[in-house]
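Enquirer: Starting off with a structure, shown below.
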Amino acid sequence: MVKPTNAAKFVMTDYTLAQDETISEDLYVTNTNTEINGFVQGDLFVGASSVKVTGTVTGDVLLFGADVTFTGNTFGNVYAFGNEISIQGVVKGSVFTSGTVVNINGDIEKDLYLLAMNAALDGTVSDDARIAIAEGEVKSVIQGDLLISGNRYTLQEENVTGNIYTDSVIKNIAKEQGVDLDAKAE
């Protein structure tokens, strides 16, 4: 009789994957505190109050929590949502993140999608970045286009290789097409 192979591991208690440990399947964790210091061969999904990832993940990384820290490596995408988010690792895919406070000082090899009240960006984005923030600082090297919308932010334009689309640039593009974005809806 052939025994079925587990395709996923589920953990419902506080969990730490030690640096010398490997999980050879998708890992789903929901609890209060999670630390992933080892190697996950598959996707990682964590919903916890405190999430720390310092290890390596071969698939996508989905993180939900009040305090989310990613200083590891992934060959997939990172999806991080929470109150305070810090991404300082290496992401071979894209990063999708939303939080109250977001700090990014890592290397993103594809696109960045960011929605935050306050953000500080000082890493590298190898393609496009789409950013909506209330306030923040963008010092990242962005090797593609940047679309940025926000109330108060500083931007080091010399770090952006592609086009920069701010709120005023988008309004001018719309105006050239006969659309007034400032007009009140009737």
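Lettering and numbering for the structure tokens are positional, with chains as A, B, ... in the shown order, residues counted from 1 in each chain, and ligands counted from 1 in the shown order.
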For stretch 16-30 of chain A, please output as JSON, numbers by chain all residues within 8 Å (counting only C-alpha atoms; exclusion window: fewer than 2 positions along the same chain).
Expert: {"A": [6, 7, 8, 9, 10, 11, 12, 13, 14, 32, 34, 35, 36, 37, 38, 39, 40, 41, 42, 43, 44, 45, 46, 47, 48, 55]}
Enquirer: Based on the selection just made, write C-alpha atoms of those residues as an mmCIF file, in the first residue's frame.
Expert:
data_model
loop_
_atom_site.group_PDB
_atom_site.id
_atom_site.type_symbol
_atom_site.label_atom_id
_atom_site.label_comp_id
_atom_site.auth_asym_id
_atom_site.auth_seq_id
_atom_site.Cartn_x
_atom_site.Cartn_y
_atom_site.Cartn_z
ATOM 1 C CA ASN A 6 2.180 15.228 3.042
ATOM 2 C CA ALA A 7 1.934 18.339 0.898
ATOM 3 C CA ALA A 8 1.644 20.730 3.810
ATOM 4 C CA LYS A 9 2.457 21.153 7.474
ATOM 5 C CA PHE A 10 0.018 22.992 9.771
ATOM 6 C CA VAL A 11 1.032 24.490 13.143
ATOM 7 C CA MET A 12 -1.491 26.112 15.489
ATOM 8 C CA THR A 13 0.793 26.863 18.467
ATOM 9 C CA ASP A 14 3.731 29.240 18.968
ATOM 10 C CA THR A 32 0.818 34.386 18.648
ATOM 11 C CA THR A 34 6.375 32.642 14.963
ATOM 12 C CA GLU A 35 10.062 32.587 14.066
ATOM 13 C CA ILE A 36 11.280 30.984 10.844
ATOM 14 C CA ASN A 37 15.072 30.738 11.016
ATOM 15 C CA GLY A 38 15.495 27.565 8.952
ATOM 16 C CA PHE A 39 14.722 26.431 5.413
ATOM 17 C CA VAL A 40 11.208 26.030 3.954
ATOM 18 C CA GLN A 41 11.038 24.143 0.647
ATOM 19 C CA GLY A 42 7.637 25.455 -0.434
ATOM 20 C CA ASP A 43 5.334 28.328 0.442
ATOM 21 C CA LEU A 44 5.151 29.925 3.889
ATOM 22 C CA PHE A 45 1.892 31.298 5.316
ATOM 23 C CA VAL A 46 1.952 32.874 8.805
ATOM 24 C CA GLY A 47 -0.803 34.638 10.714
ATOM 25 C CA ALA A 48 0.520 35.699 14.134
ATOM 26 C CA GLY A 55 15.543 31.841 7.023
#
Enquirer: Show which residues sit within 7 Å of A:Ile104, as a PyMOL selection string. Count only C-alpha atoms, and ignore same-chain residues fewer than 3 positions away.
Expert: chain A and resi 86-88+120-123
Enquirer: Hey, can you spit out that residue selection with N, CA, C and O atoms as a compact mmCIF listing (two decimals), in the first residue's frame?
Expert:
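Okay, selection05.txt is ready:
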# COMPACT_ATOMS: atom_id res chain seq x y z
N SER A 86 8.74 45.29 8.53
CA SER A 86 10.11 45.55 8.17
C SER A 86 10.55 44.47 7.19
O SER A 86 10.48 43.28 7.50
N ILE A 87 11.00 44.89 6.00
CA ILE A 87 11.49 43.95 4.99
C ILE A 87 12.93 44.34 4.68
O ILE A 87 13.18 45.42 4.14
N GLN A 88 13.85 43.46 5.07
CA GLN A 88 15.28 43.75 4.89
C GLN A 88 16.00 42.63 4.17
O GLN A 88 17.21 42.68 4.02
N ALA A 120 9.43 54.14 5.09
CA ALA A 120 10.83 54.49 4.84
C ALA A 120 11.40 53.42 3.93
O ALA A 120 11.42 52.25 4.29
N LEU A 121 11.85 53.83 2.75
CA LEU A 121 12.38 52.89 1.76
C LEU A 121 13.82 53.25 1.44
O LEU A 121 14.11 54.38 1.06
N ASP A 122 14.71 52.27 1.60
CA ASP A 122 16.12 52.52 1.40
C ASP A 122 16.82 51.30 0.81
O ASP A 122 17.99 51.11 0.99
N GLY A 123 16.10 50.46 0.10
CA GLY A 123 16.69 49.27 -0.50
C GLY A 123 16.77 49.42 -2.01
O GLY A 123 16.86 50.52 -2.53
Enquirer: Excluding A:Glu84 and any residue of its chain fewer than 6 positions from it, enumerate the residues within 7 Å of it, using only C-alpha atoms, and give them as an NGL selection string.
Expert: :A and (66-68 or 99-102)
Enquirer: Let me see the file: selected residues, N, CA and C atoms, as a JSON list (two decimals), in the first residue's frame.
Expert:
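The resulting file, selection_6.json, is shown below:
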[["chain", "number", "residue", "atom", "x", "y", "z"],
["A", 66, "ALA", "N", 0.74, 41.80, 13.69],
["A", 66, "ALA", "CA", 0.91, 43.14, 14.24],
["A", 66, "ALA", "C", 2.33, 43.63, 14.01],
["A", 67, "ASP", "N", 3.30, 42.73, 14.19],
["A", 67, "ASP", "CA", 4.71, 43.06, 14.03],
["A", 67, "ASP", "C", 5.31, 42.02, 13.09],
["A", 68, "VAL", "N", 5.65, 42.43, 11.86],
["A", 68, "VAL", "CA", 6.15, 41.51, 10.83],
["A", 68, "VAL", "C", 7.56, 41.93, 10.43],
["A", 99, "GLY", "N", 0.67, 48.41, 5.55],
["A", 99, "GLY", "CA", 0.78, 48.50, 6.99],
["A", 99, "GLY", "C", 0.72, 49.94, 7.47],
["A", 100, "THR", "N", 0.65, 50.10, 8.77],
["A", 100, "THR", "CA", 0.68, 51.43, 9.36],
["A", 100, "THR", "C", 2.06, 52.04, 9.20],
["A", 101, "VAL", "N", 3.09, 51.28, 9.58],
["A", 101, "VAL", "CA", 4.48, 51.70, 9.43],
["A", 101, "VAL", "C", 5.21, 50.61, 8.65],
["A", 102, "VAL", "N", 5.81, 50.98, 7.52],
["A", 102, "VAL", "CA", 6.52, 50.01, 6.68],
["A", 102, "VAL", "C", 7.94, 50.52, 6.43]]
Enquirer: Report the residues of stretch 12-181 of chain A whose backbone DSSP state falls under strand (DSSP E), written as a ChimeraX atom specification.
Expert: /A:15-17,22-23,26-30,33-36,39-40,44-47,50-53,56-57,61-70,73-74,78-87,90-91,95-104,107-108,112-121,124-125,129-138,141-142,146-155,164-165
Enquirer: So which one's closest to A:Thr124, A:Leu146, A:Thr154, A:Thr71, A:Asn159? Using only C-alpha atoms, please.
Expert: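 Using only C-alpha atoms, the shortest distance to A:Thr124 belongs to A:Asn159.
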Enquirer: For atom CA of A:Asp167 and atom CA of A:Ser98, quote the distance in Å rounded to one decimal.
Expert: 19.7 Å
Enquirer: Measuring between only C-alpha atoms, which one of A:Ser94, A:Asp182, A:Lys171, A:Asn151 shows the shortest distance to A:Arg130?
Expert: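 Under the stated criterion, the closest residue is A:Ser94.
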Enquirer: Just checking: using only C-alpha atoms, which residue out of A:Glu158, A:Asp107, A:Phe96, A:Phe64 ends up closest to A:Ala132?
Expert: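 Comparing A:Glu158, A:Asp107, A:Phe96, A:Phe64 against A:Ala132, the winner is A:Phe96.
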Enquirer: Write down as an NGL selection string the residues of stretch 147-180 of chain A whose backbone DSSP state falls under helix (DSSP H, G or I).
Expert: :A and (157-159 or 167-176)
Enquirer: Restricting it to N, CA, C and O atoms, dump the selection as a PDB file, in the first residue's frame.
Expert:
ATOM      1  N   GLU A 157      14.963  61.585  -6.403  1.00  0.00           N
ATOM      2  CA  GLU A 157      14.637  61.319  -7.802  1.00  0.00           C
ATOM      3  C   GLU A 157      15.809  60.741  -8.584  1.00  0.00           C
ATOM      4  O   GLU A 157      15.609  59.959  -9.513  1.00  0.00           O
ATOM      5  N   GLU A 158      17.028  61.112  -8.203  1.00  0.00           N
ATOM      6  CA  GLU A 158      18.207  60.615  -8.924  1.00  0.00           C
ATOM      7  C   GLU A 158      18.384  59.102  -8.771  1.00  0.00           C
ATOM      8  O   GLU A 158      19.115  58.474  -9.542  1.00  0.00           O
ATOM      9  N   ASN A 159      17.690  58.486  -7.820  1.00  0.00           N
ATOM     10  CA  ASN A 159      17.775  57.035  -7.614  1.00  0.00           C
ATOM     11  C   ASN A 159      16.790  56.246  -8.476  1.00  0.00           C
ATOM     12  O   ASN A 159      16.784  55.021  -8.436  1.00  0.00           O
ATOM     13  N   ASP A 167       1.386  62.550  -8.157  1.00  0.00           N
ATOM     14  CA  ASP A 167      -0.008  62.976  -8.296  1.00  0.00           C
ATOM     15  C   ASP A 167      -0.152  64.075  -9.344  1.00  0.00           C
ATOM     16  O   ASP A 167      -1.060  64.047 -10.177  1.00  0.00           O
ATOM     17  N   SER A 168       0.757  65.060  -9.329  1.00  0.00           N
ATOM     18  CA  SER A 168       0.649  66.171 -10.278  1.00  0.00           C
ATOM     19  C   SER A 168       0.911  65.709 -11.716  1.00  0.00           C
ATOM     20  O   SER A 168       0.257  66.190 -12.647  1.00  0.00           O
ATOM     21  N   VAL A 169       1.820  64.774 -11.923  1.00  0.00           N
ATOM     22  CA  VAL A 169       2.075  64.249 -13.264  1.00  0.00           C
ATOM     23  C   VAL A 169       0.843  63.505 -13.778  1.00  0.00           C
ATOM     24  O   VAL A 169       0.430  63.683 -14.935  1.00  0.00           O
ATOM     25  N   ILE A 170       0.223  62.702 -12.930  1.00  0.00           N
ATOM     26  CA  ILE A 170      -0.994  61.972 -13.324  1.00  0.00           C
ATOM     27  C   ILE A 170      -2.121  62.953 -13.656  1.00  0.00           C
ATOM     28  O   ILE A 170      -2.848  62.760 -14.643  1.00  0.00           O
ATOM     29  N   LYS A 171      -2.267  64.012 -12.872  1.00  0.00           N
ATOM     30  CA  LYS A 171      -3.305  65.019 -13.157  1.00  0.00           C
ATOM     31  C   LYS A 171      -3.062  65.687 -14.509  1.00  0.00           C
ATOM     32  O   LYS A 171      -4.001  65.942 -15.259  1.00  0.00           O
ATOM     33  N   ASN A 172      -1.791  65.958 -14.827  1.00  0.00           N
ATOM     34  CA  ASN A 172      -1.469  66.573 -16.123  1.00  0.00           C
ATOM     35  C   ASN A 172      -1.757  65.618 -17.278  1.00  0.00           C
ATOM     36  O   ASN A 172      -2.239  66.038 -18.332  1.00  0.00           O
ATOM     37  N   ILE A 173      -1.462  64.343 -17.101  1.00  0.00           N
ATOM     38  CA  ILE A 173      -1.766  63.349 -18.136  1.00  0.00           C
ATOM     39  C   ILE A 173      -3.277  63.294 -18.362  1.00  0.00           C
ATOM     40  O   ILE A 173      -3.757  63.270 -19.503  1.00  0.00           O
ATOM     41  N   ALA A 174      -4.031  63.280 -17.275  1.00  0.00           N
ATOM     42  CA  ALA A 174      -5.497  63.261 -17.386  1.00  0.00           C
ATOM     43  C   ALA A 174      -5.999  64.521 -18.078  1.00  0.00           C
ATOM     44  O   ALA A 174      -6.897  64.456 -18.940  1.00  0.00           O
ATOM     45  N   LYS A 175      -5.444  65.675 -17.709  1.00  0.00           N
ATOM     46  CA  LYS A 175      -5.863  66.953 -18.304  1.00  0.00           C
ATOM     47  C   LYS A 175      -5.622  66.953 -19.816  1.00  0.00           C
ATOM     48  O   LYS A 175      -6.460  67.425 -20.586  1.00  0.00           O
ATOM     49  N   GLU A 176      -4.468  66.398 -20.254  1.00  0.00           N
ATOM     50  CA  GLU A 176      -4.165  66.299 -21.683  1.00  0.00           C
ATOM     51  C   GLU A 176      -5.192  65.443 -22.419  1.00  0.00           C
ATOM     52  O   GLU A 176      -5.389  65.593 -23.616  1.00  0.00           O
TER      53      GLU A 176
END
Enquirer: Go through A:Val90, A:Gln177, A:Ser50, A:Ile85 and flag the residue nearest A:Ala119, using only C-alpha atoms for the distances.
Expert: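 Checking each candidate against A:Ala119, we get A:Ile85 as the closest.
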Enquirer: At what distance in Å, to one decimal, does atom CA of A:Val51 lie from atom CA of A:Asn31?
Expert: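 Between atom CA of A:Asn31 and atom CA of A:Val51 the gap works out to 9.6 Å.
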Enquirer: Enter the distance from atom CA of A:Gly136 to atom CA of A:Val95, in Å, rounded to one decimal.
Expert: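 Computing it gives 17.8 Å between the two atoms.
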Enquirer: Using only C-alpha atoms, which residues sit within 12 Å of A:Gly150 once same-chain residues fewer than 5 positions away are excluded, as an MDAnalysis selection string?
Expert: chainID A and resid 114:119 130:138 155 165:168
Enquirer: Any idea what's packed within 9 Å of A:Lys92, counting only C-alpha atoms, ignoring anything in its chain fewer than 5 positions away? Could you give it as a list in words?
Expert: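 Answer for this query is Asn73, Thr74, Phe75, Gly76, Asn77, Asp107, Ile108, Glu109 and Lys110 of chain A.
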Enquirer: Could you tell me which of A:Arg152, A:Asp127, A:Leu181, A:Val160 comes closest to A:Ser140 if we count only C-alpha atoms?
Expert: A:Val160
Enquirer: Compare A:Ser49, A:Asn163, A:Gln156, A:Asn103 by their minimum atom-to-atom distance to A:Asp128, counting only C-alpha atoms, and give me the closest one.
Expert: A:Asn163
